[in-house]
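Text of the file my_file-v8.txt, holding compact mmCIF, C-alpha atoms:
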```txt
# COMPACT_ATOMS: atom_id res chain seq x y z
CA MET A 1 38.46 177.08 66.37
CA THR A 2 37.78 178.52 69.79
CA LEU A 3 36.90 176.15 72.63
CA GLU A 4 33.26 177.18 72.36
CA GLN A 5 33.24 176.50 68.62
CA THR A 6 34.88 173.11 69.22
CA ARG A 7 32.22 172.22 71.79
CA LYS A 8 29.44 173.15 69.36
CA TYR A 9 31.05 171.17 66.56
CA ARG A 10 31.53 168.05 68.68
CA LEU A 11 28.04 168.29 70.17
CA LYS A 12 26.58 168.47 66.67
CA ALA A 13 28.63 165.41 65.65
CA VAL A 14 27.28 163.46 68.64
CA CYS A 15 23.69 164.51 67.94
CA ASN A 16 24.05 163.41 64.30
CA LEU A 17 25.10 159.96 65.50
CA LEU A 18 22.29 159.82 68.05
CA ARG A 19 19.70 160.29 65.31
CA LYS A 20 20.90 157.08 63.66
CA TYR A 21 19.78 155.27 66.81
CA HIS A 22 16.49 157.19 67.02
CA VAL A 23 17.63 158.92 70.19
CA ASN A 24 17.49 162.65 70.91
CA ALA A 25 19.77 162.99 73.93
CA MET A 26 22.62 161.28 75.73
CA VAL A 27 23.50 161.11 79.42
CA LEU A 28 27.29 161.04 79.71
CA THR A 29 29.20 160.04 82.86
CA HIS A 30 32.59 158.98 81.43
CA ASN A 31 35.08 161.67 82.43
CA ILE A 32 37.40 161.17 79.44
CA ASP A 33 34.52 161.61 77.00
CA GLN A 34 33.43 164.65 79.02
CA PHE A 35 36.90 166.11 78.47
CA TYR A 36 36.60 165.48 74.73
CA ILE A 37 33.25 167.27 74.61
CA SER A 38 34.00 170.19 76.95
CA GLY A 39 37.79 170.58 77.11
CA PHE A 40 37.59 170.53 80.92
CA PHE A 41 38.97 167.64 82.97
CA PHE A 42 36.73 166.22 85.68
CA TYR A 43 37.85 163.32 87.82
CA PRO A 44 35.69 160.17 87.60
CA GLU A 45 32.20 160.49 89.11
CA GLU A 46 32.51 164.26 89.55
CA ALA A 47 30.05 165.27 86.84
CA VAL A 48 27.21 164.11 84.60
CA PHE A 49 26.56 165.68 81.19
CA VAL A 50 23.34 165.74 79.21
CA LEU A 51 23.94 166.18 75.47
CA SER A 52 21.09 167.17 73.16
CA PRO A 53 20.40 169.49 70.20
CA LYS A 54 19.41 172.09 72.81
CA GLY A 55 22.97 172.19 74.14
CA ILE A 56 25.11 170.72 76.91
CA ALA A 57 23.98 170.60 80.54
CA CYS A 58 26.44 169.74 83.30
CA PHE A 59 25.55 168.49 86.77
CA THR A 60 28.55 168.62 89.08
CA ARG A 61 29.77 169.31 92.61
CA GLN A 62 29.55 172.82 94.00
CA LEU A 63 33.33 173.15 94.09
CA TYR A 64 33.41 173.00 90.28
CA MET A 65 30.73 175.62 89.74
CA GLY A 66 33.13 178.56 89.73
CA PRO A 67 36.01 177.17 87.65
CA PHE A 68 33.84 175.25 85.19
CA GLY A 69 31.34 178.08 84.85
CA LYS A 70 34.19 180.43 83.97
CA PHE A 71 35.79 177.90 81.62
CA ALA A 72 32.61 177.03 79.74
CA PRO A 73 30.00 179.80 80.10
CA ASP A 74 28.13 178.34 77.12
CA ILE A 75 27.29 175.19 79.12
CA LYS A 76 24.36 175.17 81.54
CA THR A 77 25.84 174.11 84.86
CA PHE A 78 23.99 172.93 87.98
CA GLY A 79 25.56 172.35 91.39
CA HIS A 80 24.75 169.04 93.09
CA ASP A 81 27.14 167.64 95.68
CA THR A 82 25.24 164.35 95.59
CA ASP A 83 22.94 162.60 93.14
CA GLN A 84 24.24 164.29 89.99
CA LEU A 85 22.85 161.40 87.95
CA ASP A 86 19.39 161.71 89.51
CA ALA A 87 19.43 165.43 88.74
CA ALA A 88 20.46 164.77 85.14
CA LEU A 89 17.72 162.19 84.64
CA ALA A 90 15.15 164.56 86.13
CA TYR A 91 16.40 167.26 83.74
CA VAL A 92 15.93 164.96 80.73
CA LYS A 93 12.36 164.28 81.83
CA GLU A 94 11.52 167.89 82.74
CA LYS A 95 12.88 169.32 79.47
CA LYS A 96 11.30 166.47 77.46
CA LEU A 97 14.61 165.65 75.80
CA GLY A 98 13.88 161.96 75.33
CA PRO A 99 14.18 159.40 74.07
CA ALA A 100 17.64 159.41 75.62
CA GLY A 101 20.48 156.91 75.77
CA PHE A 102 23.81 156.17 77.44
CA ASP A 103 27.11 154.46 76.62
CA ALA A 104 26.48 150.98 77.99
CA ALA A 105 30.09 149.79 77.60
CA LYS A 106 31.51 152.55 79.81
CA GLU A 107 28.83 152.70 82.48
CA MET A 108 29.12 151.52 86.06
CA TYR A 109 26.65 148.77 86.95
CA GLU A 110 24.49 150.67 89.43
CA ALA A 111 24.35 153.81 87.29
CA GLY A 112 23.48 151.75 84.24
CA LYS A 113 20.69 150.01 86.12
CA LYS A 114 19.30 153.38 87.20
CA MET A 115 19.39 154.73 83.64
CA ARG A 116 17.65 151.67 82.25
CA ALA A 117 14.96 152.02 84.90
CA ALA A 118 14.50 155.65 83.81
CA GLY A 119 13.84 154.49 80.24
CA LEU A 120 17.23 155.30 78.70
CA VAL A 121 18.41 153.00 75.93
CA GLU A 122 21.82 151.39 75.60
CA LEU A 123 24.09 152.92 72.97
CA PRO A 124 27.46 151.87 71.55
CA SER A 125 30.52 154.00 72.32
CA LEU A 126 29.70 156.76 69.85
CA ILE A 127 32.07 159.34 71.32
CA SER A 128 34.96 156.86 71.23
CA LYS A 129 34.33 156.53 67.50
CA LEU A 130 34.52 160.31 67.06
CA ARG A 131 37.71 160.43 69.12
CA GLU A 132 39.51 158.10 66.69
CA ILE A 133 40.01 160.90 64.15
CA LYS A 134 42.01 163.77 65.60
CA ASP A 135 41.49 167.35 64.45
CA ASP A 136 44.32 169.81 63.85
CA ASP A 137 44.31 171.10 67.43
CA GLU A 138 44.47 167.59 68.86
CA LEU A 139 47.31 166.66 66.50
CA LYS A 140 49.30 169.71 67.61
CA LYS A 141 48.96 168.70 71.27
CA ILE A 142 49.91 165.08 70.58
CA ARG A 143 52.89 166.27 68.53
CA VAL A 144 54.15 168.34 71.48
CA ALA A 145 53.62 165.41 73.86
CA CYS A 146 55.64 163.20 71.51
CA ARG A 147 58.42 165.74 71.11
CA ILE A 148 58.74 166.08 74.88
CA ALA A 149 58.99 162.29 75.22
CA TYR A 150 61.62 162.05 72.50
CA GLU A 151 63.68 164.86 74.00
CA ALA A 152 63.51 163.03 77.32
CA TYR A 153 65.14 160.03 75.64
CA GLU A 154 67.90 162.21 74.21
CA TYR A 155 68.41 163.76 77.64
CA ILE A 156 68.42 160.54 79.64
CA ARG A 157 70.54 158.23 77.48
CA PRO A 158 73.95 159.82 78.11
CA ARG A 159 73.10 160.25 81.79
CA VAL A 160 72.32 156.61 82.56
CA LYS A 161 75.27 155.23 84.53
CA THR A 162 76.31 151.90 86.01
CA GLY A 163 74.88 151.47 89.49
CA MET A 164 71.77 153.61 88.94
CA MET A 165 68.44 152.07 89.95
CA GLU A 166 65.58 151.61 87.50
CA CYS A 167 63.34 153.84 89.62
CA GLU A 168 66.03 156.52 89.61
CA VAL A 169 66.07 156.63 85.82
CA ALA A 170 62.26 156.67 85.74
CA ALA A 171 62.25 159.66 88.09
CA MET A 172 64.73 161.50 85.87
CA LEU A 173 62.58 160.87 82.81
CA GLU A 174 59.41 162.08 84.46
CA SER A 175 61.07 165.12 86.00
CA PHE A 176 62.52 166.17 82.63
CA MET A 177 59.12 165.85 80.91
CA ARG A 178 57.35 167.88 83.58
CA LEU A 179 59.92 170.63 83.29
CA LYS A 180 59.20 170.68 79.55
CA GLY A 181 55.47 171.24 80.10
CA ALA A 182 54.02 167.78 80.65
CA THR A 183 51.41 167.43 83.39
CA GLY A 184 51.94 163.75 84.08
CA THR A 185 52.36 160.30 82.55
CA PRO A 186 49.57 158.24 80.92
CA PHE A 187 50.85 154.96 82.38
CA GLN A 188 53.53 153.78 84.78
CA THR A 189 56.94 154.48 83.32
CA ILE A 190 58.82 151.27 82.49
CA VAL A 191 62.58 151.20 83.00
CA ALA A 192 63.90 147.66 82.73
CA PHE A 193 67.50 146.50 83.08
CA GLY A 194 68.92 143.15 82.02
CA GLU A 195 66.52 140.23 82.20
CA GLY A 196 63.71 142.62 83.13
CA ALA A 197 63.65 143.81 79.52
CA SER A 198 62.32 140.38 78.51
CA ASN A 199 58.99 141.20 80.24
CA PRO A 200 56.79 143.45 78.02
CA HIS A 201 54.90 144.74 81.08
CA TYR A 202 57.78 144.91 83.51
CA LYS A 203 57.30 146.78 86.79
CA THR A 204 60.08 149.29 87.38
CA GLY A 205 61.94 148.53 90.59
CA THR A 206 65.19 149.04 92.45
CA ARG A 207 67.41 146.78 90.33
CA LYS A 208 70.76 148.46 89.69
CA LEU A 209 72.31 148.77 86.25
CA GLN A 210 75.32 146.54 85.73
CA LYS A 211 78.34 147.20 83.52
CA GLU A 212 76.98 144.97 80.74
CA ASP A 213 73.19 145.17 80.68
CA ALA A 214 70.26 145.59 78.35
CA ILE A 215 68.15 148.71 78.88
CA LEU A 216 64.51 149.11 77.87
CA LEU A 217 62.49 152.30 78.34
CA ASP A 218 58.73 152.49 77.70
CA TYR A 219 57.08 155.73 78.74
CA GLY A 220 55.12 158.77 77.62
CA CYS A 221 53.69 162.01 78.87
CA ILE A 222 50.47 164.02 78.96
CA TYR A 223 50.41 167.48 77.41
CA LYS A 224 47.20 169.55 77.62
CA GLY A 225 45.20 166.35 78.01
CA TYR A 226 46.82 164.39 75.16
CA THR A 227 49.35 161.57 75.41
CA SER A 228 52.46 160.15 73.81
CA ASP A 229 54.07 156.71 73.87
CA ILE A 230 57.65 155.75 73.03
CA SER A 231 59.99 152.81 73.63
CA ARG A 232 63.75 152.79 73.22
CA CYS A 233 66.36 150.09 73.89
CA TRP A 234 70.14 149.87 73.89
CA TRP A 235 73.00 147.88 75.35
CA HIS A 236 74.87 149.43 78.26
CA GLY A 237 78.51 148.46 77.97
CA LYS A 238 81.23 147.81 75.44
CA ASN A 239 80.59 144.09 74.93
CA GLU A 240 77.16 143.98 73.32
CA PRO A 241 76.21 140.32 72.68
CA ALA A 242 75.80 139.34 69.05
CA GLU A 243 72.32 138.01 69.77
CA TYR A 244 71.25 141.33 71.24
CA THR A 245 72.53 143.19 68.18
CA LYS A 246 70.71 140.70 65.96
CA ILE A 247 67.29 141.05 67.61
CA TRP A 248 67.65 144.85 67.89
CA ASN A 249 68.17 145.07 64.13
CA ILE A 250 65.26 142.71 63.44
CA VAL A 251 62.92 144.73 65.66
CA ASN A 252 64.08 147.97 64.11
CA LYS A 253 63.36 146.60 60.62
CA ALA A 254 59.94 145.43 61.84
CA ARG A 255 59.21 148.90 63.20
CA GLN A 256 60.19 150.58 59.94
CA THR A 257 58.17 148.06 57.91
CA GLY A 258 55.11 148.48 60.11
CA ILE A 259 55.26 152.27 59.87
CA LYS A 260 55.64 152.14 56.08
CA ALA A 261 52.55 149.90 55.89
CA ALA A 262 50.43 152.36 57.88
CA GLN A 263 48.83 154.06 54.90
CA VAL A 264 45.35 155.59 54.81
CA LYS A 265 42.71 153.00 53.76
CA THR A 266 44.93 150.13 54.95
CA PRO A 267 43.36 147.61 57.36
CA THR A 268 45.18 147.85 60.67
CA LYS A 269 45.66 144.09 60.78
CA GLN A 270 47.89 144.52 57.72
CA VAL A 271 50.07 146.93 59.69
CA ASP A 272 50.39 144.25 62.34
CA ALA A 273 51.09 141.61 59.70
CA ALA A 274 53.80 143.71 58.06
CA ALA A 275 55.75 144.19 61.29
CA ARG A 276 55.07 140.68 62.58
CA GLY A 277 56.12 139.14 59.27
CA VAL A 278 59.64 140.54 59.60
CA ILE A 279 60.05 138.97 63.03
CA GLU A 280 58.50 135.65 62.00
CA LYS A 281 60.70 135.43 58.90
CA ALA A 282 63.75 135.91 61.12
CA GLY A 283 62.63 132.95 63.26
CA TYR A 284 61.57 134.91 66.35
CA GLY A 285 57.80 134.97 65.86
CA VAL A 286 57.11 133.08 69.08
CA TYR A 287 58.91 135.82 71.01
CA PHE A 288 56.67 138.64 69.75
CA THR A 289 53.92 138.31 72.32
CA HIS A 290 51.64 141.33 71.87
CA ARG A 291 49.90 143.41 69.20
CA THR A 292 51.90 145.78 67.01
CA GLY A 293 50.16 148.89 68.28
CA HIS A 294 47.20 150.76 69.75
CA GLY A 295 45.44 154.06 69.26
CA ILE A 296 46.76 157.11 71.12
CA GLY A 297 44.91 160.28 72.09
CA ILE A 298 43.32 161.51 75.29
CA GLU A 299 43.84 157.97 76.54
CA ASN A 300 47.00 156.03 75.84
CA HIS A 301 45.10 152.96 74.66
CA GLU A 302 42.33 153.84 72.23
CA GLU A 303 41.09 152.61 68.88
CA PRO A 304 42.17 151.86 66.26
CA CYS A 305 44.57 149.06 67.19
CA ASN A 306 47.19 147.46 64.96
CA SER A 307 46.41 143.87 65.85
CA GLN A 308 45.80 140.51 64.22
CA THR A 309 42.10 140.58 65.10
CA SER A 310 41.28 144.22 64.35
CA THR A 311 38.64 145.05 61.72
CA ALA A 312 39.57 148.76 61.57
CA VAL A 313 40.83 150.57 58.48
CA LEU A 314 43.21 153.51 58.84
CA THR A 315 41.78 156.98 58.26
CA ALA A 316 43.62 160.29 58.04
CA GLY A 317 43.87 161.65 61.57
CA ASN A 318 44.25 158.29 63.28
CA VAL A 319 47.13 158.31 65.78
CA PHE A 320 48.62 155.02 66.93
CA SER A 321 51.75 153.24 68.07
CA VAL A 322 53.92 150.87 66.07
CA GLU A 323 55.83 148.83 68.65
CA PRO A 324 57.13 145.40 67.63
CA GLY A 325 59.29 143.50 70.07
CA ILE A 326 61.30 140.36 70.71
CA TYR A 327 61.54 139.06 74.29
CA LEU A 328 63.93 136.27 75.20
CA PRO A 329 62.89 134.92 78.64
CA GLY A 330 65.53 135.25 81.32
CA LYS A 331 67.94 137.06 79.02
CA PHE A 332 66.80 140.39 77.57
CA GLY A 333 64.30 141.92 75.20
CA VAL A 334 63.94 144.70 72.65
CA ARG A 335 60.89 146.84 71.90
CA LEU A 336 61.12 149.87 69.62
CA GLU A 337 58.05 152.09 69.52
CA ASP A 338 56.98 155.27 67.80
CA THR A 339 53.75 157.26 67.90
CA VAL A 340 52.55 157.68 64.32
CA VAL A 341 49.76 159.64 62.59
CA ALA A 342 48.10 158.50 59.36
CA THR A 343 47.95 161.25 56.73
CA VAL A 344 46.94 161.36 53.05
CA LYS A 345 50.64 161.88 52.27
CA GLY A 346 51.66 158.80 54.23
CA PRO A 347 52.48 157.91 57.85
CA LYS A 348 54.24 160.56 59.90
CA ILE A 349 56.35 159.76 62.98
CA TYR A 350 55.60 162.09 65.88
CA THR A 351 58.13 160.76 68.39
CA ARG A 352 61.02 162.84 67.11
CA LYS A 353 62.09 166.47 67.26
```
Write out the structure in this file as structure tokens.
Amino acid sequence: MTLEQTRKYRLKAVCNLLRKYHVNAMVLTHNIDQFYISGFFFYPEEAVFVLSPKGIACFTRQLYMGPFGKFAPDIKTFGHDTDQLDAALAYVKEKKLGPAGFDAAKEMYEAGKKMRAAGLVELPSLISKLREIKDDDELKKIRVACRIAYEAYEYIRPRVKTGMMECEVAAMLESFMRLKGATGTPFQTIVAFGEGASNPHYKTGTRKLQKEDAILLDYGCIYKGYTSDISRCWWHGKNEPAEYTKIWNIVNKARQTGIKAAQVKTPTKQVDAAARGVIEKAGYGVYFTHRTGHGIGIENHEEPCNSQTSTAVLTAGNVFSVEPGIYLPGKFGVRLEDTVVATVKGPKIYTRK
């Protein structure tokens, strides 16, 4: 589909959902959802959309009028350097588009208060629900993002040397991915050496790699607005501790088991249980301290999640991580993560060539 056809298709999908809530229009301020609808990236608080069966209207700063107007000539665009929300609400009233609603979970307090005062009703995150199932174009972009991330791992591993700083390795990773077409990273790149690998959310620093050290990488990239996520671990040195080898193999088995469980129509909590069960059976359950995975798309943490409390069921087109881990405080840790897509033919790993 062309971008214009995609916009029409997604607008229609939103309007179909709105009817279930007896609402005719939606005022949209969340920039990530705006990207999903339009294909154009605005920074937060730079634009307000009005979605209705009559089309999409965009209220944005004057500096966007030229580039956005050229990018999306099918969208009515109005220049307002201030008070875009007021202009959008006035437009809803003038064009008699109501009743209208807004995504209450994603709205800033003051904006939400203003929309309620204007008579708009609170809606659940309808666009987030649509975003859970990726179309063919989205899957192609995520696949490229994942391939770039995997190739970065292949590039970086033989180049990591004793004495290098964590931040130095992170810079090499990010530079490689940008040179391959990535436009940025969806989260702060994690490079952890030694005991730092025992912290799942370690902050990359200036620690230098020693001759015998654990290495953990957790990173991803953004390609044409879509993200990837990958984790890899290995021992740097010739004297790998037996315990490290043991937990690496357990985590790897948990990863493989979790991916195999990720079949269409399977509750995501069963994916979590499959991976977690391997680690618990091996006696390390207390050291697996986070969920098995999360949705991946325009944002790096979306629904559906592979967690113990999730009520989601996998559908073809869902993209998510499978990332079990074992973290031994003060010693080292292992997390092995792949980005996976659910298909009718079974789960497919994207973080590979």
Write out, as CSV, each residue of stretch 219-302 of chain A that has an atom at most 10 Å from stretch 173-177 of chain A, together with the closest pair of atoms and their distance in Å to one decimal, counting all atoms listed in the file, rows going by chain and rising number.
```
residue,atom,partner,partner_atom,distance
A:Tyr219,CA,A:Leu173,CA,8.6
A:Gly220,CA,A:Glu174,CA,8.7
A:Cys221,CA,A:Met177,CA,7.0
A:Ile222,CA,A:Met177,CA,9.1
A:Tyr223,CA,A:Met177,CA,9.5
```
- Message: My list of candidates is A:Pro124, A:Gly346, A:Pro73, A:Gly119. Which is closest to A:Asp103 when distances are computed with only C-alpha atoms?
- Response: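 Answer, going by the shortest atom-to-atom distance: A:Pro124.
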Counting only C-alpha atoms, I want the residues whose atoms come within 9 Å of (71.0, 137.0, 82.1) in the file frame, returned as a JSON list (two decimals) with C-alpha atoms, keeping the file's coordinate frame.
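Everything below was put into out.json:
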```
[["chain", "number", "residue", "atom", "x", "y", "z"],
["A", 194, "GLY", "CA", 68.92, 143.15, 82.02],
["A", 195, "GLU", "CA", 66.52, 140.23, 82.20],
["A", 213, "ASP", "CA", 73.19, 145.17, 80.68],
["A", 330, "GLY", "CA", 65.53, 135.25, 81.32],
["A", 331, "LYS", "CA", 67.94, 137.06, 79.02],
["A", 332, "PHE", "CA", 66.80, 140.39, 77.57]]
```
- Out of A:Gly66, A:Arg19, A:Gln210, A:Ile298, which residue has the shortest atom-to-atom distance to A:Gln34 when counting only C-alpha atoms?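 Distance minimum relative to A:Gln34 lands on A:Ile298.
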- Point-to-point distance from atom CA of A:Gly293 to atom CA of A:Thr185, Å rounded to tenths: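 Distance reported for this atom pair: 18.4 Å.
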- Item | Contact residues around stretch 278-283 of chain A with all atoms listed in the file at 7 Å, ignoring same-chain residues under 3 positions, as a VMD selection string | chain A and resid 250 to 251 254 274 to 275
- Pick out the residues sitting within 6 Å of stretch 153-165 of chain A, and hand them over as an MDAnalysis selection string; count only C-alpha atoms, and ignore anything fewer than 2 positions along from it in its own chain. chainID A and resid 150:151 167:168 206:211
Would you export the selected residues with C-alpha atoms as a PDB file, keeping the file's coordinate frame, please?
```pdb
ATOM      1  CA  TYR A 150      61.620 162.050  72.500  1.00  0.00           C
ATOM      2  CA  GLU A 151      63.680 164.860  74.000  1.00  0.00           C
ATOM      3  CA  CYS A 167      63.340 153.840  89.620  1.00  0.00           C
ATOM      4  CA  GLU A 168      66.030 156.520  89.610  1.00  0.00           C
ATOM      5  CA  THR A 206      65.190 149.040  92.450  1.00  0.00           C
ATOM      6  CA  ARG A 207      67.410 146.780  90.330  1.00  0.00           C
ATOM      7  CA  LYS A 208      70.760 148.460  89.690  1.00  0.00           C
ATOM      8  CA  LEU A 209      72.310 148.770  86.250  1.00  0.00           C
ATOM      9  CA  GLN A 210      75.320 146.540  85.730  1.00  0.00           C
ATOM     10  CA  LYS A 211      78.340 147.200  83.520  1.00  0.00           C
TER      11      LYS A 211
END
```
- Item | Using only C-alpha atoms: which of A:Ile32, A:Ile326, A:Leu139, A:Ala312 has the shortest distance to A:Tyr350 |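 Ranking A:Ile32, A:Ile326, A:Leu139, A:Ala312 by distance to A:Tyr350, first place goes to A:Leu139.
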Write out N, CA, C and O atoms for stretch 207-218 of chain A, as a PDB file, in the coordinates of the input.
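Saved the output as part_23.pdb:
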```pdb
ATOM      1  N   ARG A 207      66.260 147.483  90.899  1.00  0.00           N
ATOM      2  CA  ARG A 207      67.410 146.780  90.330  1.00  0.00           C
ATOM      3  C   ARG A 207      68.432 147.804  89.823  1.00  0.00           C
ATOM      4  O   ARG A 207      68.088 148.797  89.178  1.00  0.00           O
ATOM      5  N   LYS A 208      69.700 147.543  90.107  1.00  0.00           N
ATOM      6  CA  LYS A 208      70.760 148.460  89.690  1.00  0.00           C
ATOM      7  C   LYS A 208      71.345 148.036  88.350  1.00  0.00           C
ATOM      8  O   LYS A 208      71.453 146.846  88.043  1.00  0.00           O
ATOM      9  N   LEU A 209      71.735 149.013  87.567  1.00  0.00           N
ATOM     10  CA  LEU A 209      72.310 148.770  86.250  1.00  0.00           C
ATOM     11  C   LEU A 209      73.726 148.243  86.391  1.00  0.00           C
ATOM     12  O   LEU A 209      74.561 148.824  87.091  1.00  0.00           O
ATOM     13  N   GLN A 210      73.995 147.133  85.708  1.00  0.00           N
ATOM     14  CA  GLN A 210      75.320 146.540  85.730  1.00  0.00           C
ATOM     15  C   GLN A 210      76.146 147.011  84.528  1.00  0.00           C
ATOM     16  O   GLN A 210      75.629 147.653  83.618  1.00  0.00           O
ATOM     17  N   LYS A 211      77.433 146.694  84.556  1.00  0.00           N
ATOM     18  CA  LYS A 211      78.340 147.200  83.520  1.00  0.00           C
ATOM     19  C   LYS A 211      77.953 146.710  82.119  1.00  0.00           C
ATOM     20  O   LYS A 211      78.148 147.419  81.142  1.00  0.00           O
ATOM     21  N   GLU A 212      77.430 145.510  82.012  1.00  0.00           N
ATOM     22  CA  GLU A 212      76.980 144.970  80.740  1.00  0.00           C
ATOM     23  C   GLU A 212      75.525 144.541  80.905  1.00  0.00           C
ATOM     24  O   GLU A 212      75.230 143.489  81.436  1.00  0.00           O
ATOM     25  N   ASP A 213      74.621 145.390  80.455  1.00  0.00           N
ATOM     26  CA  ASP A 213      73.190 145.170  80.680  1.00  0.00           C
ATOM     27  C   ASP A 213      72.364 145.705  79.508  1.00  0.00           C
ATOM     28  O   ASP A 213      72.724 146.719  78.885  1.00  0.00           O
ATOM     29  N   ALA A 214      71.255 145.048  79.269  1.00  0.00           N
ATOM     30  CA  ALA A 214      70.260 145.590  78.350  1.00  0.00           C
ATOM     31  C   ALA A 214      69.441 146.656  79.064  1.00  0.00           C
ATOM     32  O   ALA A 214      69.202 146.559  80.278  1.00  0.00           O
ATOM     33  N   ILE A 215      69.013 147.660  78.339  1.00  0.00           N
ATOM     34  CA  ILE A 215      68.150 148.710  78.880  1.00  0.00           C
ATOM     35  C   ILE A 215      66.928 148.846  77.980  1.00  0.00           C
ATOM     36  O   ILE A 215      67.045 148.898  76.747  1.00  0.00           O
ATOM     37  N   LEU A 216      65.753 148.871  78.595  1.00  0.00           N
ATOM     38  CA  LEU A 216      64.510 149.110  77.870  1.00  0.00           C
ATOM     39  C   LEU A 216      63.734 150.210  78.571  1.00  0.00           C
ATOM     40  O   LEU A 216      63.521 150.142  79.788  1.00  0.00           O
ATOM     41  N   LEU A 217      63.339 151.224  77.826  1.00  0.00           N
ATOM     42  CA  LEU A 217      62.490 152.300  78.340  1.00  0.00           C
ATOM     43  C   LEU A 217      61.176 152.287  77.588  1.00  0.00           C
ATOM     44  O   LEU A 217      61.153 152.206  76.352  1.00  0.00           O
ATOM     45  N   ASP A 218      60.069 152.369  78.309  1.00  0.00           N
ATOM     46  CA  ASP A 218      58.730 152.490  77.700  1.00  0.00           C
ATOM     47  C   ASP A 218      57.989 153.522  78.540  1.00  0.00           C
ATOM     48  O   ASP A 218      57.708 153.279  79.727  1.00  0.00           O
TER      49      ASP A 218
END
```
